[in-house]
$ cat coords_10.txt   # compact mmCIF, C-alpha atoms
# COMPACT_ATOMS: atom_id res chain seq x y z
CA THR A 24 4.74 -30.52 -19.51
CA PHE A 25 3.05 -27.53 -17.89
CA THR A 26 4.93 -25.82 -15.07
CA CYS A 27 2.70 -24.16 -12.52
CA PRO A 28 3.64 -20.56 -11.70
CA LYS A 29 5.00 -19.78 -8.27
CA PRO A 30 2.28 -18.75 -5.83
CA ILE A 31 1.89 -15.01 -5.40
CA SER A 32 1.38 -13.42 -2.02
CA LEU A 33 -1.84 -11.52 -1.37
CA VAL A 34 0.13 -8.38 -0.55
CA ASN A 35 1.72 -8.36 -4.02
CA LEU A 36 -1.49 -8.34 -6.05
CA ASN A 37 -1.79 -5.00 -7.85
CA TYR A 38 -5.04 -4.06 -6.11
CA PRO A 39 -5.68 -0.46 -5.10
CA SER A 40 -5.96 -1.52 -1.45
CA ILE A 41 -3.24 -3.20 0.62
CA ALA A 42 -3.95 -6.00 3.10
CA VAL A 43 -1.18 -7.45 5.26
CA PRO A 44 -2.45 -10.29 7.47
CA LYS A 45 0.85 -11.02 9.29
CA LEU A 46 3.23 -8.08 9.43
CA LYS A 47 6.62 -8.98 10.91
CA GLY A 48 8.58 -5.75 11.37
CA SER A 49 8.10 -4.16 7.96
CA ILE A 50 7.11 -4.93 4.41
CA THR A 51 7.44 -3.10 1.10
CA VAL A 52 4.91 -3.63 -1.67
CA THR A 53 4.88 -2.21 -5.18
CA ARG A 54 1.84 -0.90 -6.99
CA THR A 55 1.44 0.34 -10.56
CA VAL A 56 -1.14 2.94 -11.57
CA LYS A 57 -2.31 4.33 -14.90
CA ASN A 58 -3.32 7.91 -15.62
CA VAL A 59 -6.91 7.88 -16.85
CA GLY A 60 -7.62 11.53 -16.02
CA SER A 61 -6.32 14.81 -17.30
CA SER A 62 -2.98 15.18 -18.98
CA PRO A 63 -0.44 16.22 -17.89
CA ALA A 64 -1.05 15.56 -14.19
CA THR A 65 1.09 15.45 -11.08
CA TYR A 66 -0.17 13.62 -8.01
CA THR A 67 1.23 13.87 -4.48
CA ALA A 68 0.69 11.20 -1.81
CA ARG A 69 -0.93 11.97 1.54
CA VAL A 70 -0.76 9.20 4.18
CA VAL A 71 -3.02 8.39 7.13
CA ASN A 72 -1.01 5.92 9.25
CA PRO A 73 -2.80 2.98 10.86
CA PRO A 74 -2.44 3.11 14.68
CA GLY A 75 0.96 1.77 15.76
CA LEU A 76 2.30 1.64 12.21
CA SER A 77 4.22 3.93 9.88
CA VAL A 78 3.51 4.08 6.13
CA ASP A 79 5.98 5.55 3.65
CA VAL A 80 5.10 6.03 -0.04
CA GLN A 81 8.02 6.44 -2.48
CA PRO A 82 8.17 8.35 -4.65
CA LYS A 83 5.86 10.85 -2.98
CA THR A 84 5.01 12.47 -6.32
CA LEU A 85 3.92 10.86 -9.59
CA ALA A 86 4.09 12.99 -12.75
CA PHE A 87 2.11 11.76 -15.77
CA ALA A 88 2.86 13.29 -19.17
CA THR A 89 -0.08 11.79 -21.08
CA ILE A 90 -3.25 9.83 -20.55
CA GLY A 91 -2.34 6.14 -20.34
CA ASP A 92 1.06 6.72 -18.71
CA GLN A 93 1.87 4.14 -16.05
CA LYS A 94 3.92 4.73 -12.90
CA SER A 95 5.03 2.40 -10.13
CA PHE A 96 5.54 3.28 -6.49
CA ASN A 97 6.53 1.48 -3.28
CA VAL A 98 4.63 1.43 -0.01
CA THR A 99 6.62 0.48 3.08
CA ILE A 100 4.65 -0.40 6.21
CA THR A 101 6.57 -0.63 9.50
CA ALA A 102 5.42 -1.55 13.00
CA THR A 103 6.40 1.35 15.26
CA LYS A 104 5.66 -0.19 18.65
CA ALA A 105 5.49 -3.75 19.95
CA GLY A 106 2.03 -5.26 19.90
CA ALA A 107 0.53 -2.15 18.34
CA ALA A 108 -1.48 -4.01 15.71
CA ARG A 109 -2.41 -7.30 17.32
CA GLU A 110 -5.82 -6.84 15.72
CA TYR A 111 -6.44 -5.33 12.31
CA VAL A 112 -5.81 -1.59 12.10
CA PHE A 113 -6.67 0.63 9.18
CA GLY A 114 -5.18 3.59 7.35
CA SER A 115 -4.91 4.92 3.83
CA PHE A 116 -2.94 6.91 1.35
CA THR A 117 -4.44 9.29 -1.18
CA TRP A 118 -2.99 10.60 -4.45
CA LEU A 119 -4.00 14.26 -4.94
CA ASP A 120 -3.53 16.55 -7.95
CA GLY A 121 -5.53 19.55 -6.73
CA LYS A 122 -8.64 18.45 -8.61
CA HIS A 123 -8.79 14.66 -8.25
CA SER A 124 -8.15 12.32 -5.33
CA VAL A 125 -7.53 8.58 -5.51
CA ARG A 126 -7.59 6.79 -2.13
CA SER A 127 -6.17 3.36 -1.33
CA HIS A 128 -7.05 1.68 1.94
CA ILE A 129 -4.58 -0.21 4.13
CA ALA A 130 -5.49 -3.06 6.53
CA VAL A 131 -2.72 -4.58 8.66
CA LYS A 132 -2.48 -7.12 11.46
CA ALA A 133 0.98 -7.44 12.97
CA PHE A 134 2.45 -10.77 14.03
CA CYS A 135 3.86 -10.20 17.50
CA THR A 136 6.17 -12.83 19.00
CA LYS A 137 6.44 -11.00 22.37
CA CYS A 138 2.74 -10.35 22.88
CA PRO A 139 0.70 -12.26 25.46
CA PRO A 140 -1.66 -14.92 24.08
CA TYR A 141 -5.07 -13.83 22.85

$ encode --input "coords_10.txt" --output "structure tokens"
Amino acid sequence: TFTCPKPISLVNLNYPSIAVPKLKGSITVTRTVKNVGSSPATYTARVVNPPGLSVDVQPKTLAFATIGDQKSFNVTITATKAGAAREYVFGSFTWLDGKHSVRSHIAVKAFCTKCPPY
């Protein structure tokens, strides 16, 4: 009588890092974070794009009123040129509040249908 849950994709696990093994065009993932530092705190995202890819974090600012507040944000990763990430490329985004920094790493390998064989 037990119904197994639907499988979850690796990219949707709420880990601090993001790994995308087969990017086709673009993908948006959601992450949720909890304020464990000072209160109140406002963090702004700074992105280091992986080569050949564009990363957009929305919202770009997270404002926490108290310790324990949780906020969700979306990360959209888009291939910007054909075949740019045929092997894994790496980037990151960092949440900064002027005193603290929280970095999340990004690893992406694009799936390219027009690329020559390996």

$ residues_around --input "coords_10.txt" --residues "region 128-135 of chain A" --least-positions-apart "4" --cutoff "8 Å" --atoms "only C-alpha atoms" --output "PyMOL selection string"
chain A and resi 39-48+73+102+105-116

$ atom_distance --input "coords_10.txt" --atom1 "CA of Ile100 (chain A)" --atom2 "CA of Thr117 (chain A)"
15.2 Å

$ axis_aligned_box --input "coords_10.txt" --around "region 34-38 of chain A" --padding-each-side "3 Å" --output "AutoDock Vina command-line options"
--center_x -1.7 --center_y -6.2 --center_z -4.2 --size_x 12.8 --size_y 10.3 --size_z 13.3

$ closest_residue --input "coords_10.txt" --among "A:Cys27, A:Tyr38, A:Ala88, A:Asn97" --to "Ser62 (chain A)" --atoms "all atoms listed in the file"
A:Ala88

$ atom_distance --input "coords_10.txt" --atom1 "CA of Val56 (chain A)" --atom2 "CA of Val78 (chain A)"
18.3 Å

$ closest_residue --input "coords_10.txt" --among "A:Lys57, A:Val71, A:Ser77, A:Thr65" --to "Ile90 (chain A)" --atoms "all atoms listed in the file"
A:Lys57

$ closest_residue --input "coords_10.txt" --among "A:Leu119, A:Ser124, A:Pro30, A:Gln81" --to "Tyr66 (chain A)" --atoms "all atoms listed in the file"
A:Leu119

$ residues_around --input "coords_10.txt" --residues "Arg54 (chain A)" --least-positions-apart "4" --cutoff "7 Å" --atoms "only C-alpha atoms" --output "PDB file with C-alpha atoms, in the coordinates of the input"
ATOM      1  CA  ASN A  37      -1.790  -5.000  -7.850  1.00  0.00           C
ATOM      2  CA  SER A  95       5.030   2.400 -10.130  1.00  0.00           C
ATOM      3  CA  PHE A  96       5.540   3.280  -6.490  1.00  0.00           C
ATOM      4  CA  ASN A  97       6.530   1.480  -3.280  1.00  0.00           C
TER       5      ASN A  97
END

$ atom_distance --input "coords_10.txt" --atom1 "CA of Gly91 (chain A)" --atom2 "CA of His123 (chain A)"
16.1 Å

$ closest_residue --input "coords_10.txt" --among "A:Lys122, A:Phe25, A:Asp79, A:Thr89" --to "Pro63 (chain A)" --atoms "only C-alpha atoms"
A:Thr89

$ residues_around --input "coords_10.txt" --residues "Thr67 (chain A)" --least-positions-apart "3" --cutoff "9 Å" --atoms "only C-alpha atoms" --output "NGL selection string"
:A and (82-86 or 117-120)
